[in-house]
Amino acid sequence: MKTNTTTGDGFNIEINGTVGTPFTDNAKMGSRNCDVFYADKQAIFDINLDIGKHEIIAMIGPSGCGKSTYLRVLNRMNDTIPICRVTGEHTLDDEDIYAKKMDPVLLRARVGMVFQKPNPFPKSIYDNVAYGARLHGLASNRSELDDLVEASLIKAGLFKEVKDDLQKSGTGLSGGQQQRLCIARAIAVDPEVILMDEPTSALDPIATALIEELMDELRQNYTIAIVTHSMQQAARVSQRTAYFHMGKLVEVNATDKVFTNPEHQLTENYITGRFG
Amino acid sequence: MPFQTLLITLVALLIFSYFIGHKRSIAVSTLHKGRRNLHSRPHYYGYMVAIWAGLPALLILFLWSAFSASMVTSLTISGLPDSMQLKTHDELGLIINEVKNIIEAGQISNETDLVKRNAAIHYQRLHNISSLAKTVVVLVAALLGLLLSWRMIKPETRARNRVEAVVRWAMIGCASIAVLTTVGIVFSVLFESLHFFQSVPASEFLFGTKWSPQTAIRADQVGGSGSFGAIPLFLGTLLISLIALLIAVPLGLMSAIYLSEYASKRFRAFAKPTLEILAGIPTVVYGFFAALTVAPFLRDVGESMGLSVASESALAAGLVMGIMIIPFVSSLSDDVISAVPQAMRDGAYGMGATQSEAILQVVIPAALPGIVGGVLLAASRAIGETMIVVMAAGLSAKLTINPLEAVTTVTVQIVTLLTGDQEFDSPKTLAAFALGLGLFVITLLLNVLALHIIRKYREEYE
Amino acid sequence: MSETTKKIQQGLKKRYAREKRFRFFGLLSILISFTFLLVLLTTISSKGLPAFQQTYIKLDVLLDEDVLGVNKTSEHQALFAANYGKVIKNSLKTMFPNVKGRKQKRALKNLVSKSAAYDLRDEVIKNPDLLGTTRSFWFLAKDDIDMFMKGKIDRNVPEADRRIKDYQLLWIEQLMTEERLEKRFNTVLFSAGDSREPEQAGLKGAVMGSLFTMLVTFFLSFPIAVAAAAYLEEFAPQNNRWVDMIEININNLAAVPSIVFGLLGLAVYISFFGIPRSTPLIGGLVLALMSLPTIIIASRAAIKSVPSSIKEAAVGLGASPIQVLFQHTLPLAMPGILTGTIIGMAQALGETAPLLMIGMVAFVAEVPSGVMDPSTVMPVQIYLWSDSPERAFTERTSAAIMVLLGFLVLMNLFAIMLRKKFERHW
Ligand SMILES: Nc1ncnc2c1ncn2[C@@H]1O[C@H](COP(=O)(O)OP(=O)(O)OP(=O)(O)O)[C@@H](O)[C@H]1O
Ligand SMILES: [Mg+2]
């Protein structure tokens with residue numbers, strides 16, 4: 001968007017480290033000196049950030065600034081991209097998640113992920129939710145599995161709608177239902193952290209509201225990091241907000257502060273809609 | 001004039017027409033204020049005249065040549081004495097063949113059988129008339145076309161549009177050849193099959209369990225008492241195809257998975273084309289290898305284990321055929337697997353699946369319809385494969401599902417029935433067409449089904 | 001560490017073992033195919049390589065004018081008809097004077113091929129001055145001798161089960177000590193047509209037959225396929241029933257078993273149109289129909305890849321659609337079309353089954369010189385030779401396969417080069 005600001009287009013402003021409060025005392029996850037490269041191209045520059053226990057942290061910023069890339073650092077999803085290289089220290093409960101003895105499979109069970117586009121497997125609703133439990137051998141018999149599926153669907157707020165159709169295909173649901181199914185699938189393996197990459201961008205306002213409500217409930221038990229393009233959504237659901245810009249973490253502050261009184265000029269430019 | 005001479009004459013005429021058309025257009029244009037008021041560029045007028053002169057004449061030439069033989073034959077037959085007319089179709093065919101042989105050998109005057117001699121004279125006369133008439137008609141058509149179109153050349157004649165219309169129709173004609181081919185196949189196998197089912201009931205063919213066409217060709221027998229139960233052939237085909245698929249599907253699928261999900265770029269760049277070599281080797285080479293190396297090897301292995309393996313076992317043929325269709329299965333599966341959206345894999349990895357779990361539990365189920373389509377195509381290939389089974393499977397039509405025994409297949413029987421000297425109308429040869437009909441129908445159904453499934457699958461992930 | 005984490009950790013070892021196994025099976029599948037390919041190629045070449053050599057025997061032949069019944073001044077006709085076999089037989093007799101009995105005498109005569117007499121005749125006709133003199137000539141050895149020289153006949157086998165008997169072994173030993181046996185490059189394989197005698201059988205007839213057949217196939221299928229592809233890509237109306245039908249038919253024809261095309265050829269071309277069987281003409285007609293779908297599909301892809309901006313520019317200059325096609329689209333698409341055509345031709349070159357139906361399995365000794373001469377083609381020749389009982393034919397079959405594969409490799413290399421050279425990034 002073109003505007004008549006005195007600060008130009010905003011891209012000329014220097015970024016010297018992160019302003020605000022990127023660190024917390026009760027960190028569930030944390031990164032220090034994080035750089036990410038796709039082949040020779042650097043996508044993330046020296047990010048330092050803690051994510052607190054039972055908090056929802058929102059990550060905002062213009063398209064292509066590296067939000068998704070950073071989120072995928074946290075559960076080592078970037079390992080599946082051959083050209084991607086991650087450096088720095090990253091911890092989950094003070095364990096180094098890029099350590100040799102850390103198993104990515106186990107890590108991803110502990111740090112679940114929900115994607116931008118709902119991606120239920122082409123299986124029944126039941127099998128979708130039971131997928132992780134079966135994979136990891138979490139249920140020892142059928143009735144345990146049934147209970148787990150039911151509980152997860154209830155937590156994801158989907159059970160009422162689908163309880164009679166558990167054997168129907170997950171791909172036959174509406175977009176909003178599919179995304180809640182993916183959330184149910186993620187929480188069925190009882191993760192400690194849930195990473196959500198624009199979980200509502202493909203959904204209508206009603207479905208979005210349902211999922212936002214759900215996140216608030218999930219906060220009791222889980223730690224959540226959510227990437228979103230909707231500032232209203234960030235303001236509604238999160239306690240802290242992190243603003244990314246061209247691969248750098250510009251500002252992290254309490255959500256109220258970011259949206260009412262941002263510390264950094266770039267953040268202000270972004271939330272007032274001057275670009276992005 | 002013989003065919004070739006006539007053809008060459010026509011081509012020469014064609015070139016000539018082009019030049020006079022070209023010249024004429026320039027001539028008429030200068031009368032009317034220069035070339036600019038010509039509707040089209042001069043060479044289009046040349047093409048136009050050439051097309052008019054050549055196209056109808058060529059059409060007549062080809063059609064006449066194609067049908068004159070059968071016309072002359074049937075006219076000769078109707079010219080035979082009335083007593084001969086009552087003979088069967090087959091016998092008449094024999095007589096005509098003899099007559100033709102007499103003419104070819106130049107022995108007309110030496111022929112003692114008066115009927116045949118007259119027929120030969122008659123035949124030759126008709127033939128000469130036809131040939132002369134053909135020459136005249138073709139040349140007249142060419143000259144007429146030339147003259148008419150030449151007179152049509154005026155500055156306002158839209159030569160380009162006319163030429164382009166002809167080109168366009170020619171293109172449609174070329175594209176339609178695919179349809180014509182199918183029609184030709186259907187008619188040729190259907191027609192001869194119907195002929196066959198007049199002497200052998202369809203029920204015997206479809207449900208009979210005894211196949212021994214050889215007894216039917218004793219010289220004194222027409223029709224004959226051979227058994228034409230095709231069940232053993234279809235069973236044999238099924239057995240060998242099944243063995244082939246049991247080898248090709250797992251190996252091909254696993255190869256595709258390894259290449260697309262695990263292999264390094266360099267390994268893939270080397271392995272993929274190498275695998276494709278298997279698809280480029282002619283089947284006769286596989287057949288030779290199966291008969292000469294694989295079958296004796298299997299027999300020896302069987303012997304050492306105390307099993308008796310036939311030297312032309314179904315296993316040997318099926319095994320080699322399986323290897324042959326591996327690249328077919330793997331390249332189809334490769335396409336299908338890479339069409340599965342990345343989001344599906346991400347979903348699985350995000351849940352903490354290992355690579356093989358993601359592949360086996362998510363990617364393959366998602367790709368399943370496409371893979372099934374590919375397997376059906378591979379099955380159709382295996383069923384229709386000929387040379388490997390001709391060379392490595394046997395001729396004995398046994399009703400067995402033991403892969404260590406020798407079986408025969410539909411294609412083997414078609415080849416056996418139709419190679420060597422043959423009477424076109426004996427049930428033995430006609431049986432080959434009935435088998436061909438069966439083969440065509442089965443493979444067609446498989447193909448249509450497979451293509452349908454694959455298309456549906458593609459649409460889903462588009 | 002939570003309960004869940006512990007549970008997951010317990011299962012991990014097993015899951016990774018499964019992962020490793022799965023990966024191993026993937027690699028194994030590929031290696032199985034590779035092994036098969038390797039075994040196939042090495043078997044064929046180890047069997048076929050010896051066939052590129054052939055045993056020759058040196059004989060001192062007295063070209064006795066009395067025995068031959070001709071002299072230096074005789075007419076060509078007389079020279080041609082003289083009994084050269086007799087002088088060869090005499091020369092063998094002088095070399096091995098103690099041979100007794102009909103069986104042994106016949107075996108002695110069969111040391112050299114029947115073609116020896118013709119070779120000698122040609123020499124004499126070329127130079128009649130040879131008559132009356134004694135000269136040394138190298139003659140083609142009979143296939144059994146050749147097989148023995150190549151180590152294919154084991155002398156430790158009991159005599160009764162051996163093609164070469166003990167007395168023949170003695171002859172061979174004598175010939176060897178006199179250095180009258182020699183293996184040379186097998187020119188016959190490339191200069192002769194088929195023969196019932198293995199040592200006289202060559203591939204030239206089949207190679208020429210294949211060449212003529214491919215010419216017919218090419219000149220029919222290439223223009224038709226290109227026209228069809230151009231129509232379907234550039235002119236065909238959308239949602240037209242006939243066009244849909246054409247497309248469905250092309251896709252289906254690509255998967256119809258090749259043998260069915262042979263039936264079509266037999267019923268339509270031979271029975272109905274009366275085209276002579278066993279000729280390259282009919283073979284080419286059948287193979288043209290078979291290779292049409294391949295070439296059409298490849299040509300369509302090539303035509304599609306020509307960017308529409310180029311076509312639009314030409315249309316903007318006032319060219320008609322047909323002019324655009326011939327002047328811009330086709331030239332630009334030609335490398336792709338040709339690549340597809342070569343691949344289609346390579347398939348046709350290796351095709352055997354449909355040709356069996358249309359009489360190309362007939363035994364033809366002469367090398368064909370046109371599309372109307374009876375002939376066979378390379379893959380069919382392979383089939384025919386592989387069916388012959390003589391050992392020497394097994395070797396020649398493998399050699400023929402090597403030649404055929406050589407042609408296919410060349411064609412594919414050419415296609416790859418074409419693609420590399422003209423690869424365009426619009
Ligand atoms: N698989 C990949 N290969 C190469 N480069 C990539 C890949 N994924 C992302 N990138 C690059 O990394 C940078 C950051 O991308 P990322 O997807 O993290 O941005 P984002 O903030 O999530 O954007 P959006 O809001 O549009 O989702 C971009 O410049 C992008 O081009
Ligand atoms: Mg993103």
# chains A, B, ... in the order shown; residues from 1 in each chain; ligands from 1

$ residues_around --residues "stretch 208-211 of chain B" --least-positions-apart "4" --cutoff "6 Å" --atoms "only C-alpha atoms" --output "PyMOL selection string"
chain B and resi 204+227-229+231-232

$ residues_around --residues "C:Ala302" --least-positions-apart "6" --cutoff "9 Å" --atoms "only C-alpha atoms" --output "mmCIF file with N, CA and C atoms, in the first residue's frame"
data_model
loop_
_atom_site.group_PDB
_atom_site.id
_atom_site.type_symbol
_atom_site.label_atom_id
_atom_site.label_comp_id
_atom_site.auth_asym_id
_atom_site.auth_seq_id
_atom_site.Cartn_x
_atom_site.Cartn_y
_atom_site.Cartn_z
ATOM 1 N N LEU C 330 5.270 -25.672 -36.612
ATOM 2 C CA LEU C 330 5.912 -26.955 -36.919
ATOM 3 C C LEU C 330 7.443 -26.880 -36.913
ATOM 4 N N LEU C 332 9.328 -25.006 -35.182
ATOM 5 C CA LEU C 332 9.801 -24.911 -33.803
ATOM 6 C C LEU C 332 9.575 -26.202 -33.034
ATOM 7 N N ALA C 333 8.510 -26.914 -33.393
ATOM 8 C CA ALA C 333 8.200 -28.149 -32.670
ATOM 9 C C ALA C 333 8.960 -29.343 -33.229
ATOM 10 N N MET C 334 9.642 -29.137 -34.363
ATOM 11 C CA MET C 334 10.209 -30.293 -35.078
ATOM 12 C C MET C 334 11.176 -31.143 -34.255
ATOM 13 N N PRO C 335 12.099 -30.566 -33.487
ATOM 14 C CA PRO C 335 12.983 -31.440 -32.711
ATOM 15 C C PRO C 335 12.196 -32.399 -31.811
ATOM 16 N N GLY C 336 11.193 -31.875 -31.129
ATOM 17 C CA GLY C 336 10.377 -32.725 -30.264
ATOM 18 C C GLY C 336 9.648 -33.783 -31.064
ATOM 19 N N ILE C 337 9.104 -33.387 -32.196
ATOM 20 C CA ILE C 337 8.373 -34.340 -33.036
ATOM 21 C C ILE C 337 9.321 -35.440 -33.510
ATOM 22 N N GLY C 340 10.184 -37.933 -30.787
ATOM 23 C CA GLY C 340 9.085 -38.886 -30.611
ATOM 24 C C GLY C 340 9.042 -39.887 -31.757
#

$ residues_around --residues "A:Val162" --least-positions-apart "2" --cutoff "10 Å" --atoms "only C-alpha atoms" --output "list in words"
Ile125, Tyr126, Leu153, Leu158, Phe159, Lys160, Asp164, Asp165, Leu166, Gln167, Lys168, Leu173, Gln177 and Leu181 of chain A

$ closest_atom_pairs --of "chain A" --to "ligand 1" --cutoff "7 Å" --atoms "only C-alpha atoms and all ligand atoms" --output "tab-separated table"
residue	atom	partner	partner_atom_place_in_ligand_line	distance
A:Tyr38	CA	ligand 1	4 (C)	5.0
A:Ala43	CA	ligand 1	12 (O)	4.8
A:Gly61	CA	ligand 1	21 (O)	6.7
A:Pro62	CA	ligand 1	25 (O)	6.1
A:Ser63	CA	ligand 1	25 (O)	3.6
A:Gly64	CA	ligand 1	19 (O)	3.4
A:Cys65	CA	ligand 1	21 (O)	4.0
A:Gly66	CA	ligand 1	18 (O)	3.2
A:Lys67	CA	ligand 1	21 (O)	3.9
A:Ser68	CA	ligand 1	22 (O)	3.7
A:Thr69	CA	ligand 1	18 (O)	3.6
A:Tyr70	CA	ligand 1	18 (O)	6.5
A:Ile81	CA	ligand 1	1 (N)	6.4
A:His229	CA	ligand 1	25 (O)	6.9
A:Gly247	CA	ligand 1	14 (C)	7.0

$ closest_residue --among "A:Asp197, A:Glu55, A:Glu161, A:Asp146" --to "ligand 2" --atoms "only C-alpha atoms and all ligand atoms"
A:Asp197

$ residues_around --residues "A:Asp127" --least-positions-apart "5" --cutoff "10 Å" --atoms "only C-alpha atoms" --output "mmCIF file with N, CA, C and O atoms, in the first residue's frame"
data_model
loop_
_atom_site.group_PDB
_atom_site.id
_atom_site.type_symbol
_atom_site.label_atom_id
_atom_site.label_comp_id
_atom_site.auth_asym_id
_atom_site.auth_seq_id
_atom_site.Cartn_x
_atom_site.Cartn_y
_atom_site.Cartn_z
ATOM 1 N N PHE A 121 -5.944 -36.876 5.973
ATOM 2 C CA PHE A 121 -5.542 -37.985 5.114
ATOM 3 C C PHE A 121 -6.770 -38.563 4.429
ATOM 4 O O PHE A 121 -7.871 -38.489 4.979
ATOM 5 N N PRO A 122 -6.592 -39.152 3.274
ATOM 6 C CA PRO A 122 -7.750 -39.771 2.607
ATOM 7 C C PRO A 122 -8.161 -41.068 3.305
ATOM 8 O O PRO A 122 -8.091 -42.149 2.739
ATOM 9 N N GLY A 132 -2.110 -40.960 14.730
ATOM 10 C CA GLY A 132 -0.919 -40.776 15.553
ATOM 11 C C GLY A 132 -0.834 -41.834 16.653
ATOM 12 O O GLY A 132 0.231 -42.381 16.926
ATOM 13 N N ALA A 133 -1.980 -42.125 17.249
ATOM 14 C CA ALA A 133 -1.992 -43.104 18.328
ATOM 15 C C ALA A 133 -1.534 -44.458 17.820
ATOM 16 O O ALA A 133 -0.763 -45.173 18.463
ATOM 17 N N ARG A 134 -1.988 -44.825 16.632
ATOM 18 C CA ARG A 134 -1.573 -46.099 16.050
ATOM 19 C C ARG A 134 -0.090 -46.079 15.704
ATOM 20 O O ARG A 134 0.642 -47.023 15.959
ATOM 21 N N VAL A 149 -9.995 -41.324 20.537
ATOM 22 C CA VAL A 149 -10.547 -40.622 19.376
ATOM 23 C C VAL A 149 -11.676 -39.712 19.822
ATOM 24 O O VAL A 149 -11.739 -38.530 19.462
ATOM 25 N N LEU A 166 -18.266 -41.436 11.926
ATOM 26 C CA LEU A 166 -16.828 -41.626 12.152
ATOM 27 C C LEU A 166 -16.157 -42.437 11.053
ATOM 28 O O LEU A 166 -14.970 -42.318 10.835
ATOM 29 N N GLN A 167 -16.934 -43.265 10.366
ATOM 30 C CA GLN A 167 -16.308 -44.093 9.321
ATOM 31 C C GLN A 167 -16.315 -43.425 7.951
ATOM 32 O O GLN A 167 -15.808 -43.985 6.989
ATOM 33 N N LYS A 168 -16.908 -42.217 7.901
ATOM 34 C CA LYS A 168 -16.894 -41.521 6.606
ATOM 35 C C LYS A 168 -15.527 -40.892 6.368
ATOM 36 O O LYS A 168 -14.771 -40.649 7.303
ATOM 37 N N SER A 169 -15.269 -40.583 5.099
ATOM 38 C CA SER A 169 -13.944 -40.067 4.755
ATOM 39 C C SER A 169 -13.727 -38.666 5.317
ATOM 40 O O SER A 169 -14.629 -37.828 5.288
ATOM 41 N N GLY A 170 -12.532 -38.427 5.840
ATOM 42 C CA GLY A 170 -12.210 -37.116 6.391
ATOM 43 C C GLY A 170 -12.195 -36.028 5.340
ATOM 44 O O GLY A 170 -12.422 -34.857 5.642
ATOM 45 N N ARG A 185 -6.554 -34.449 15.299
ATOM 46 C CA ARG A 185 -5.510 -35.410 14.958
ATOM 47 C C ARG A 185 -4.210 -35.036 15.685
ATOM 48 O O ARG A 185 -3.509 -35.902 16.205
#

$ closest_residue --among "C:Pro293, C:Gly350, C:Gly284, C:Gly202" --to "chain B" --atoms "only C-alpha atoms"
C:Gly350

$ interface_residues --of "chain C" --to "chain A" --cutoff "9 Å" --atoms "only C-alpha atoms" --output "NGL selection string"
:C and (4-5 or 7-9 or 11-12 or 15)

$ write_last_selection --atoms "N, CA and C atoms" --output "PDB file, in the first residue's frame"
ATOM      1  N   THR C   4       3.172 -40.274  27.702  1.00  0.00           N
ATOM      2  CA  THR C   4       3.091 -40.472  26.252  1.00  0.00           C
ATOM      3  C   THR C   4       4.480 -40.557  25.638  1.00  0.00           C
ATOM      4  N   THR C   5       5.319 -39.636  26.040  1.00  0.00           N
ATOM      5  CA  THR C   5       6.661 -39.611  25.472  1.00  0.00           C
ATOM      6  C   THR C   5       7.372 -40.930  25.721  1.00  0.00           C
ATOM      7  N   LYS C   7       6.048 -43.840  26.218  1.00  0.00           N
ATOM      8  CA  LYS C   7       5.456 -44.892  25.373  1.00  0.00           C
ATOM      9  C   LYS C   7       6.018 -44.815  23.957  1.00  0.00           C
ATOM     10  N   ILE C   8       6.051 -43.604  23.462  1.00  0.00           N
ATOM     11  CA  ILE C   8       6.535 -43.440  22.085  1.00  0.00           C
ATOM     12  C   ILE C   8       7.974 -43.906  21.968  1.00  0.00           C
ATOM     13  N   GLN C   9       8.763 -43.536  22.973  1.00  0.00           N
ATOM     14  CA  GLN C   9      10.172 -43.873  22.930  1.00  0.00           C
ATOM     15  C   GLN C   9      10.391 -45.386  22.884  1.00  0.00           C
ATOM     16  N   GLY C  11       8.622 -47.569  21.464  1.00  0.00           N
ATOM     17  CA  GLY C  11       8.379 -48.165  20.145  1.00  0.00           C
ATOM     18  C   GLY C  11       9.374 -47.752  19.072  1.00  0.00           C
ATOM     19  N   LEU C  12      10.173 -46.739  19.387  1.00  0.00           N
ATOM     20  CA  LEU C  12      10.977 -46.131  18.321  1.00  0.00           C
ATOM     21  C   LEU C  12      11.951 -47.079  17.648  1.00  0.00           C
ATOM     22  N   ARG C  15      10.409 -49.166  15.115  1.00  0.00           N
ATOM     23  CA  ARG C  15       9.968 -48.403  13.940  1.00  0.00           C
ATOM     24  C   ARG C  15      11.144 -48.050  13.048  1.00  0.00           C
TER      25      ARG C  15
END

$ atom_distance --atom1 "atom CA of B:Thr386" --atom2 "atom CA of B:Gly226"
23.8 Å

$ closest_residue --among "A:Val258, A:Ala235, A:Val73, A:Ile51" --to "chain B" --atoms "only C-alpha atoms"
A:Val73

$ interface_residues --of "chain B" --to "chain A" --cutoff "8 Å" --atoms "only C-alpha atoms" --output "PyMOL selection string"
chain B and resi 343-344+346-347+349-354+357+362+365-366

$ interface_residues --of "chain C" --to "chain B" --cutoff "6 Å" --atoms "only C-alpha atoms" --output "ChimeraX atom specification"
/C:19,26,29-30,224,227-228,231,246,249-250,257,264,267,273,350,357

$ write_last_selection --atoms "all heavy atoms" --output "compact mmCIF listing (two decimals), in the first residue's frame"
# COMPACT_ATOMS: atom_id res chain seq x y z
N GLU C 19 11.82 -48.97 9.18
CA GLU C 19 12.20 -47.95 8.20
C GLU C 19 13.40 -48.42 7.38
O GLU C 19 13.41 -48.33 6.15
CB GLU C 19 12.54 -46.66 8.96
CG GLU C 19 13.25 -45.60 8.14
CD GLU C 19 12.31 -44.84 7.23
OE1 GLU C 19 11.11 -44.79 7.56
OE2 GLU C 19 12.76 -44.34 6.20
N GLY C 26 13.49 -51.26 -1.09
CA GLY C 26 13.44 -50.36 -2.24
C GLY C 26 14.70 -50.48 -3.09
O GLY C 26 14.64 -50.69 -4.30
N SER C 29 14.90 -53.83 -4.86
CA SER C 29 14.09 -53.97 -6.08
C SER C 29 14.83 -53.42 -7.28
O SER C 29 14.84 -54.03 -8.34
CB SER C 29 12.78 -53.20 -5.96
OG SER C 29 12.24 -53.35 -4.70
N ILE C 30 15.44 -52.27 -7.08
CA ILE C 30 16.16 -51.68 -8.21
C ILE C 30 17.35 -52.56 -8.58
O ILE C 30 17.60 -52.82 -9.76
CB ILE C 30 16.63 -50.27 -7.84
CG1 ILE C 30 15.40 -49.38 -7.64
CG2 ILE C 30 17.52 -49.69 -8.91
CD1 ILE C 30 15.72 -48.00 -7.23
N ILE C 224 1.27 -38.50 -41.37
CA ILE C 224 -0.08 -38.66 -40.82
C ILE C 224 -0.10 -38.25 -39.36
O ILE C 224 -0.99 -37.51 -38.91
CB ILE C 224 -0.55 -40.12 -40.99
CG1 ILE C 224 -0.74 -40.43 -42.47
CG2 ILE C 224 -1.85 -40.35 -40.24
CD1 ILE C 224 -1.13 -41.85 -42.75
N ALA C 227 0.23 -34.44 -38.99
CA ALA C 227 -1.01 -33.76 -39.37
C ALA C 227 -2.07 -33.96 -38.30
O ALA C 227 -2.77 -33.02 -37.90
CB ALA C 227 -1.50 -34.30 -40.72
N ALA C 228 -2.18 -35.19 -37.81
CA ALA C 228 -3.18 -35.47 -36.79
C ALA C 228 -2.90 -34.67 -35.53
O ALA C 228 -3.79 -34.06 -34.93
CB ALA C 228 -3.21 -36.96 -36.47
N TYR C 231 -3.65 -31.02 -36.03
CA TYR C 231 -5.10 -30.77 -36.02
C TYR C 231 -5.63 -30.78 -34.59
O TYR C 231 -6.34 -29.88 -34.16
CB TYR C 231 -5.82 -31.80 -36.87
CG TYR C 231 -7.32 -31.66 -36.80
CD1 TYR C 231 -7.96 -30.63 -37.46
CD2 TYR C 231 -8.09 -32.54 -36.04
CE1 TYR C 231 -9.32 -30.46 -37.38
CE2 TYR C 231 -9.45 -32.39 -35.95
CZ TYR C 231 -10.07 -31.35 -36.62
OH TYR C 231 -11.41 -31.18 -36.52
N ILE C 246 -11.72 -39.32 -31.40
CA ILE C 246 -10.36 -39.51 -31.92
C ILE C 246 -9.37 -39.63 -30.76
O ILE C 246 -8.53 -40.52 -30.73
CB ILE C 246 -9.97 -38.33 -32.83
CG1 ILE C 246 -10.77 -38.38 -34.12
CG2 ILE C 246 -8.48 -38.36 -33.14
CD1 ILE C 246 -10.59 -37.17 -35.02
N ASN C 249 -9.61 -42.89 -29.01
CA ASN C 249 -9.08 -43.95 -29.85
C ASN C 249 -7.56 -43.98 -29.86
O ASN C 249 -6.95 -45.04 -29.82
CB ASN C 249 -9.58 -43.79 -31.27
CG ASN C 249 -10.81 -44.61 -31.49
OD1 ASN C 249 -10.73 -45.82 -31.42
ND2 ASN C 249 -11.94 -43.97 -31.68
N ILE C 250 -6.97 -42.80 -29.90
CA ILE C 250 -5.50 -42.75 -29.90
C ILE C 250 -4.96 -43.35 -28.62
O ILE C 250 -4.06 -44.19 -28.63
CB ILE C 250 -5.01 -41.30 -30.09
CG1 ILE C 250 -5.30 -40.85 -31.52
CG2 ILE C 250 -3.52 -41.20 -29.81
CD1 ILE C 250 -5.04 -39.40 -31.76
N PRO C 257 -2.79 -54.78 -27.81
CA PRO C 257 -1.68 -55.71 -28.01
C PRO C 257 -1.23 -55.72 -29.47
O PRO C 257 -2.06 -55.68 -30.38
CB PRO C 257 -2.27 -57.06 -27.63
CG PRO C 257 -3.47 -56.78 -26.83
CD PRO C 257 -3.97 -55.43 -27.23
N LEU C 264 -5.29 -57.52 -37.94
CA LEU C 264 -5.83 -56.49 -38.82
C LEU C 264 -5.14 -56.54 -40.18
O LEU C 264 -5.79 -56.52 -41.23
CB LEU C 264 -5.63 -55.12 -38.17
CG LEU C 264 -5.92 -53.90 -39.05
CD1 LEU C 264 -7.41 -53.67 -39.11
CD2 LEU C 264 -5.22 -52.67 -38.53
N ALA C 267 -6.34 -59.64 -42.12
CA ALA C 267 -7.72 -59.62 -42.60
C ALA C 267 -7.98 -58.48 -43.58
O ALA C 267 -8.70 -58.65 -44.55
CB ALA C 267 -8.68 -59.52 -41.42
N PHE C 273 -7.47 -56.17 -49.37
CA PHE C 273 -6.87 -55.32 -50.40
C PHE C 273 -5.87 -56.06 -51.28
O PHE C 273 -5.39 -55.51 -52.25
CB PHE C 273 -6.18 -54.12 -49.75
CG PHE C 273 -7.14 -53.11 -49.21
CD1 PHE C 273 -7.09 -52.70 -47.90
CD2 PHE C 273 -8.13 -52.57 -50.03
CE1 PHE C 273 -7.99 -51.77 -47.40
CE2 PHE C 273 -9.03 -51.64 -49.54
CZ PHE C 273 -8.96 -51.25 -48.22
N GLY C 350 11.88 -53.11 -33.22
CA GLY C 350 12.00 -54.30 -32.38
C GLY C 350 10.75 -55.16 -32.37
O GLY C 350 10.71 -56.19 -31.71
N MET C 357 2.19 -62.75 -38.35
CA MET C 357 0.89 -63.05 -38.95
C MET C 357 0.86 -62.75 -40.44
O MET C 357 0.04 -63.29 -41.15
CB MET C 357 -0.22 -62.19 -38.35
CG MET C 357 -0.12 -61.83 -36.93
SD MET C 357 -0.98 -62.95 -35.92
CE MET C 357 0.28 -64.14 -35.82

$ residues_around --residues "stretch 73-84 of chain C" --least-positions-apart "2" --cutoff "7 Å" --atoms "only C-alpha atoms" --output "list in words"
Leu68, Gly69, Val70, Asn71, Lys86, Val87, Ile88, Ala117, Leu120, Arg121 and Ile125 of chain C

$ closest_residue --among "B:Leu75, B:Glu312, B:His452, B:Leu242" --to "B:Val372" --atoms "only C-alpha atoms"
B:His452

$ residues_around --residues "C:Glu123" --least-positions-apart "3" --cutoff "12 Å" --atoms "only C-alpha atoms" --output "NGL selection string"
:C and (63 or 79-80 or 84 or 116-120 or 126-131 or 135-139)

$ write_last_selection --atoms "C-alpha atoms" --output "CSV table (one decimal), in the first residue's frame"
chain,number,residue,atom,x,y,z
C,63,LEU,CA,42.2,-76.9,-60.5
C,79,LEU,CA,33.1,-71.9,-66.2
C,80,PHE,CA,30.0,-71.2,-64.2
C,84,TYR,CA,34.1,-77.3,-58.5
C,116,ALA,CA,33.3,-73.4,-50.8
C,117,ALA,CA,32.5,-74.6,-54.4
C,118,TYR,CA,30.8,-71.3,-55.2
C,119,ASP,CA,33.7,-69.3,-53.8
C,120,LEU,CA,36.1,-71.3,-55.9
C,126,LYS,CA,37.6,-63.8,-62.0
C,127,ASN,CA,40.9,-65.2,-63.1
C,128,PRO,CA,40.7,-68.2,-65.6
C,129,ASP,CA,44.4,-68.4,-65.6
C,130,LEU,CA,44.2,-70.3,-62.3
C,131,LEU,CA,43.0,-73.3,-64.2
C,135,ARG,CA,46.7,-73.0,-55.4
C,136,SER,CA,45.9,-72.6,-51.7
C,137,PHE,CA,42.5,-71.2,-50.8
C,138,TRP,CA,40.9,-70.4,-47.5
C,139,PHE,CA,37.4,-71.9,-47.4
